[in-house]
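Working notes, beginning with the structure itself.
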Amino acid sequence: MDTLNVTDYTRMLGVQARAAAAAMARSSTRARNSALRTLARLLREQVASLQAENARDLQRAEAAGLAAPMVDRLRLTPQVVETCAQGCEQLAGMPDLIGEVIGLQQQPSGIRVGQMRVPIGVFGMIYESRPNVTIEAASLSIKSGNACILRGGSEALESNKALARLVAQALTQAGLPADGVQLVQTTDRAVVDALIAMPEHVDLIIPRGGRGLIERIAAGAQVPVIKHLDGNCHTYVDDPCDLAQALAVVDNAKTQKFSPCNATESLLVAHGVAESFLPQIGQVFAGKHVTMRCDDAARAILQQALAGDAAKWVEAADAQDWTTEYLAPRISVKVVAGLDEAIAHINRYGSHHTDAILTSDHRHAQRFLREVDSASCMVNTSTRFADGFEYGLGAEIGISTDKFHARGPVGLQGLTSLKWVVLGDGELRG
């Protein structure tokens, strides 16, 4: 596909999406919920065929030498498909936000003024690796009455095509336009450049992938962008805290799955509990072959506590480790004086994504929630919960590290806007 054809093709997608958006915006709640429930059923019925298409992507990715964390993100297991199906059903069971009027108040003039929640219109989604994002984006678009154009990574093309066919089938069966969700059918990167430069057809761009992709799109886009940057998530073990609880939570936050953006990448431990806690978590990490990149204090404690092969998993950290999102069995570890240093470290080196405190001091917890400048702040639980499905949003389209319009997991509300509505009965302004 040459550049001219790419431009024409992308513009055609935009024209079709804009027409579909009008139909989606006026569609009934019943029709949209029916499409979501049908999509959930189709996903469960087609697990085997979906895995067959996914296997083609996996084989090609492994042959190309794609890094293991990226291959892991690409995998479409029955569990992943079931989670997608459940997300569709959860969305279908949620109240419809579209048309909701909030804050309606009568003014001295007699008019009543409020705000109505409406769809964004058309959004473009540019993402890498994970084919389940196709279903998450499609289901949220359907529920919120939007139309969307999806451009997945080339490594997941066959998986995404198979999923998009099911979405189109579900839309059609519900009497909704199949163009309500369109998947870009080419891997030509020129499509991305064209998509982000069509404000007449696209209202919002949501990139989801590596920092390079997101920064390039944000720099070149002619439409608003919701950014999802690095997930350098921290867990801070406070003094005082329940050490047994902290051990279980930190283990889960790091090792339950290495590749997601909400996995803990940096562990901070208060000086007062470091001698007790670090040897315990060190044994856990060494047993799971997690490399610990440590400051001098943490390294001294761990090297003294760990014997034999376990000690080889302890290394000295450098300045880059404090800002790195590993997405791998590797974690930075630092001993801090206490809460003040922990908060300062997180705000300086973190990515403002998700950070947690493990503490038994209510005042420390409240300070952490107020002062840590992140989209999600947690107390006594795993950073792995920073997820639209776990937050009860049904699904998420990404985790925004922006501070306006949408922040944190972006669900239904993040794909809507508020417009002012004014109700009167012949009032005239004097």
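Each chain in the structure tokens gets a letter, A, B, ..., in the order shown, and its residues are numbered from 1; ligands are numbered from 1 in order too.
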
If we count only C-alpha atoms, what is near Leu171 in chain A at a cut-off of 12 Å, once residues fewer than 2 positions away on the same chain are taken out, given as a count of residues only?
38

Long-range neighbours of Val71 in chain A as a compact mmCIF listing (two decimals) with N, CA, C and O atoms, in the first residue's frame, 9 Å cut-off, only C-alpha atoms, 3 positions minimum in chain:
# COMPACT_ATOMS: atom_id res chain seq x y z
N LEU A 58 2.17 -15.79 17.56
CA LEU A 58 3.21 -16.19 18.50
C LEU A 58 4.41 -16.80 17.78
O LEU A 58 5.57 -16.51 18.09
N ALA A 61 6.32 -14.07 16.09
CA ALA A 61 7.02 -13.22 17.05
C ALA A 61 8.26 -13.90 17.60
O ALA A 61 9.32 -13.28 17.73
N GLU A 62 8.15 -15.18 17.94
CA GLU A 62 9.30 -15.91 18.48
C GLU A 62 10.39 -16.07 17.43
O GLU A 62 11.58 -15.97 17.73
N LEU A 66 11.34 -11.62 19.26
CA LEU A 66 10.67 -10.68 20.14
C LEU A 66 10.97 -11.03 21.59
O LEU A 66 10.99 -12.20 21.97
N ALA A 67 11.22 -10.02 22.42
CA ALA A 67 11.58 -10.23 23.82
C ALA A 67 10.48 -11.01 24.54
O ALA A 67 9.29 -10.85 24.25
N ALA A 68 10.90 -11.82 25.51
CA ALA A 68 9.96 -12.68 26.23
C ALA A 68 8.79 -11.93 26.86
O ALA A 68 7.64 -12.40 26.77
N LEU A 74 1.53 -10.93 24.20
CA LEU A 74 0.87 -11.30 22.96
C LEU A 74 -0.03 -12.53 23.11
O LEU A 74 -0.97 -12.73 22.34
N ARG A 75 0.21 -13.32 24.14
CA ARG A 75 -0.45 -14.62 24.28
C ARG A 75 -1.93 -14.47 24.60
O ARG A 75 -2.31 -13.76 25.54
N SER A 129 1.15 -5.22 20.97
CA SER A 129 1.25 -6.55 21.58
C SER A 129 -0.07 -7.17 22.02
O SER A 129 -0.52 -8.15 21.43

What is the distance between CA of Val113 in chain A and CA of Gly411 in chain A, in Å to one decimal?
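About the pair CA of Val113 in chain A and CA of Gly411 in chain A: they are 26.5 Å apart.
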
Which of these residues is nearest to Cys261 in chain A, using only C-alpha atoms: A:Gln304, A:Thr383, A:Gln320, A:Ser374?
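Answer, going by the shortest atom-to-atom distance: A:Thr383.
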
DSSP on the backbone: what in range 158-357 of chain A comes out alpha helix (DSSP H), as a VMD selection string?
chain A and resid 158 to 173 190 to 195 211 to 220 243 to 255 271 to 287 296 to 305 339 to 349

Set the distance at 8 Å and use only C-alpha atoms: which residues neighbour His352 in chain A once local chain neighbours fewer than 6 positions away are removed? I'd like the list as a VMD selection string.
chain A and resid 231 to 233 373 to 375 401

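Proximity ranking of A:Gln79, A:Gln16, A:Gln59, A:Ser382 relative to Asn252 in chain A places A:Ser382 first, based on only C-alpha atoms.
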
Quick one: everything within 8 Å of Asp251 in chain A, counting only C-alpha atoms, minus sequence neighbours fewer than 4 positions away in the same chain. Send it as a list in words.
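Contacts, with the query itself left out: Leu247, Thr255, Gln256, Ile281, Val284 and Phe285 of chain A.
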
Residues near Phe389 in chain A, cut-off 10 Å, only C-alpha atoms, skip fewer than 2 positions along chain, as a ChimeraX atom specification
/A:83-84,86-87,90-91,136,385-387,391-396,409,411

Can you tell me, as a ChimeraX atom specification, what residues are no more than 10 Å from Val410 in chain A when counting only C-alpha atoms, ignoring any on the same chain fewer than 2 positions away?
/A:140,226,228,387-388,393,395-400,405-408,412-415

Long-range neighbours of Lys161 in chain A as a ChimeraX atom specification, 10 Å cut-off, only C-alpha atoms, 5 positions minimum in chain:
/A:50,53,131,134,152,156,166-167,182-185

List every residue of range 172-317 of chain A that DSSP, applied to the backbone, labels as strand (DSSP E or B), and write the result as a ChimeraX atom specification.
/A:181-183,204-208,225,233-237,264-270,291-294,314-316

Kindly export the residues of the current selection with N, CA and C atoms, as a PDB file, in the first residue's frame.
ATOM      1  N   VAL A 181     -16.882  -0.192  15.153  1.00  0.00           N
ATOM      2  CA  VAL A 181     -15.528  -0.579  15.572  1.00  0.00           C
ATOM      3  C   VAL A 181     -14.802  -1.063  14.326  1.00  0.00           C
ATOM      4  N   GLN A 182     -13.755  -0.349  13.923  1.00  0.00           N
ATOM      5  CA  GLN A 182     -12.980  -0.720  12.742  1.00  0.00           C
ATOM      6  C   GLN A 182     -11.533  -1.004  13.133  1.00  0.00           C
ATOM      7  N   LEU A 183     -11.008  -2.090  12.612  1.00  0.00           N
ATOM      8  CA  LEU A 183      -9.603  -2.436  12.824  1.00  0.00           C
ATOM      9  C   LEU A 183      -8.807  -2.101  11.570  1.00  0.00           C
ATOM     10  N   LEU A 204     -10.282  12.024  19.387  1.00  0.00           N
ATOM     11  CA  LEU A 204      -9.368  11.690  20.476  1.00  0.00           C
ATOM     12  C   LEU A 204      -8.469  10.547  20.035  1.00  0.00           C
ATOM     13  N   ILE A 205      -7.190  10.608  20.422  1.00  0.00           N
ATOM     14  CA  ILE A 205      -6.243   9.521  20.168  1.00  0.00           C
ATOM     15  C   ILE A 205      -5.779   8.965  21.510  1.00  0.00           C
ATOM     16  N   ILE A 206      -5.772   7.631  21.610  1.00  0.00           N
ATOM     17  CA  ILE A 206      -5.301   6.972  22.830  1.00  0.00           C
ATOM     18  C   ILE A 206      -4.189   6.003  22.451  1.00  0.00           C
ATOM     19  N   PRO A 207      -2.929   6.390  22.650  1.00  0.00           N
ATOM     20  CA  PRO A 207      -1.828   5.460  22.398  1.00  0.00           C
ATOM     21  C   PRO A 207      -1.555   4.601  23.626  1.00  0.00           C
ATOM     22  N   ARG A 208      -1.269   3.343  23.402  1.00  0.00           N
ATOM     23  CA  ARG A 208      -0.987   2.439  24.519  1.00  0.00           C
ATOM     24  C   ARG A 208       0.159   1.535  24.102  1.00  0.00           C
ATOM     25  N   VAL A 225      -4.748  13.919  22.912  1.00  0.00           N
ATOM     26  CA  VAL A 225      -4.161  12.606  23.191  1.00  0.00           C
ATOM     27  C   VAL A 225      -4.267  12.316  24.686  1.00  0.00           C
ATOM     28  N   CYS A 233       6.090   1.566  39.009  1.00  0.00           N
ATOM     29  CA  CYS A 233       5.265   1.551  40.225  1.00  0.00           C
ATOM     30  C   CYS A 233       6.107   1.195  41.449  1.00  0.00           C
ATOM     31  N   HIS A 234       5.803   1.849  42.563  1.00  0.00           N
ATOM     32  CA  HIS A 234       6.530   1.642  43.816  1.00  0.00           C
ATOM     33  C   HIS A 234       5.639   1.000  44.874  1.00  0.00           C
ATOM     34  N   THR A 235       6.252   0.182  45.705  1.00  0.00           N
ATOM     35  CA  THR A 235       5.631  -0.242  46.957  1.00  0.00           C
ATOM     36  C   THR A 235       6.566   0.152  48.089  1.00  0.00           C
ATOM     37  N   TYR A 236       6.019   0.877  49.055  1.00  0.00           N
ATOM     38  CA  TYR A 236       6.805   1.334  50.209  1.00  0.00           C
ATOM     39  C   TYR A 236       6.369   0.561  51.447  1.00  0.00           C
ATOM     40  N   VAL A 237       7.332  -0.124  52.080  1.00  0.00           N
ATOM     41  CA  VAL A 237       7.084  -0.863  53.324  1.00  0.00           C
ATOM     42  C   VAL A 237       7.432   0.063  54.476  1.00  0.00           C
ATOM     43  N   THR A 264       4.871  -3.913  40.470  1.00  0.00           N
ATOM     44  CA  THR A 264       5.824  -3.088  41.226  1.00  0.00           C
ATOM     45  C   THR A 264       7.234  -3.262  40.663  1.00  0.00           C
ATOM     46  N   GLU A 265       7.877  -2.137  40.375  1.00  0.00           N
ATOM     47  CA  GLU A 265       9.237  -2.158  39.836  1.00  0.00           C
ATOM     48  C   GLU A 265      10.257  -1.638  40.835  1.00  0.00           C
ATOM     49  N   SER A 266       9.782  -0.906  41.859  1.00  0.00           N
ATOM     50  CA  SER A 266      10.685  -0.326  42.862  1.00  0.00           C
ATOM     51  C   SER A 266      10.142  -0.615  44.257  1.00  0.00           C
ATOM     52  N   LEU A 267      10.994  -1.149  45.102  1.00  0.00           N
ATOM     53  CA  LEU A 267      10.636  -1.459  46.479  1.00  0.00           C
ATOM     54  C   LEU A 267      11.405  -0.527  47.410  1.00  0.00           C
ATOM     55  N   LEU A 268      10.670   0.229  48.219  1.00  0.00           N
ATOM     56  CA  LEU A 268      11.256   1.094  49.231  1.00  0.00           C
ATOM     57  C   LEU A 268      10.933   0.513  50.598  1.00  0.00           C
ATOM     58  N   VAL A 269      11.924   0.466  51.478  1.00  0.00           N
ATOM     59  CA  VAL A 269      11.736  -0.135  52.805  1.00  0.00           C
ATOM     60  C   VAL A 269      12.242   0.827  53.860  1.00  0.00           C
ATOM     61  N   ALA A 270      11.393   1.104  54.831  1.00  0.00           N
ATOM     62  CA  ALA A 270      11.788   1.999  55.916  1.00  0.00           C
ATOM     63  C   ALA A 270      12.944   1.396  56.715  1.00  0.00           C
ATOM     64  N   THR A 291      16.006 -10.589  40.058  1.00  0.00           N
ATOM     65  CA  THR A 291      17.216  -9.833  40.361  1.00  0.00           C
ATOM     66  C   THR A 291      16.867  -8.588  41.160  1.00  0.00           C
ATOM     67  N   MET A 292      17.591  -8.353  42.254  1.00  0.00           N
ATOM     68  CA  MET A 292      17.365  -7.189  43.109  1.00  0.00           C
ATOM     69  C   MET A 292      18.488  -6.184  42.909  1.00  0.00           C
ATOM     70  N   ARG A 293      18.157  -5.027  42.359  1.00  0.00           N
ATOM     71  CA  ARG A 293      19.128  -3.958  42.115  1.00  0.00           C
ATOM     72  C   ARG A 293      19.057  -3.004  43.306  1.00  0.00           C
ATOM     73  N   CYS A 294      20.065  -3.037  44.184  1.00  0.00           N
ATOM     74  CA  CYS A 294      19.957  -2.446  45.514  1.00  0.00           C
ATOM     75  C   CYS A 294      20.875  -1.245  45.730  1.00  0.00           C
ATOM     76  N   VAL A 314      21.400 -10.593  44.062  1.00  0.00           N
ATOM     77  CA  VAL A 314      21.555  -9.254  44.634  1.00  0.00           C
ATOM     78  C   VAL A 314      22.646  -8.512  43.881  1.00  0.00           C
ATOM     79  N   GLU A 315      22.323  -7.341  43.344  1.00  0.00           N
ATOM     80  CA  GLU A 315      23.275  -6.540  42.584  1.00  0.00           C
ATOM     81  C   GLU A 315      23.211  -5.087  43.043  1.00  0.00           C
ATOM     82  N   ALA A 316      24.254  -4.338  42.683  1.00  0.00           N
ATOM     83  CA  ALA A 316      24.283  -2.907  43.011  1.00  0.00           C
ATOM     84  C   ALA A 316      23.457  -2.125  41.989  1.00  0.00           C
TER      85      ALA A 316
END

Considering only C-alpha atoms, can you say which of A:Ala48, A:Ile111, A:Leu358, A:Val333 comes closest to Asp296 in chain A?
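Checking each candidate against Asp296 in chain A, we get A:Val333 as the closest.
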
Between A:Tyr127, A:Phe277, A:Trp313, A:Phe404, which residue has the minimum interatomic distance to Ala248 in chain A, considering only C-alpha atoms?
A:Phe277

Best match for closeness to Ile217 in chain A among A:Met198, A:Leu339, A:Ile301, A:Ile126, counting only C-alpha atoms:
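Among A:Met198, A:Leu339, A:Ile301, A:Ile126, it is A:Ile126 that comes nearest to Ile217 in chain A.
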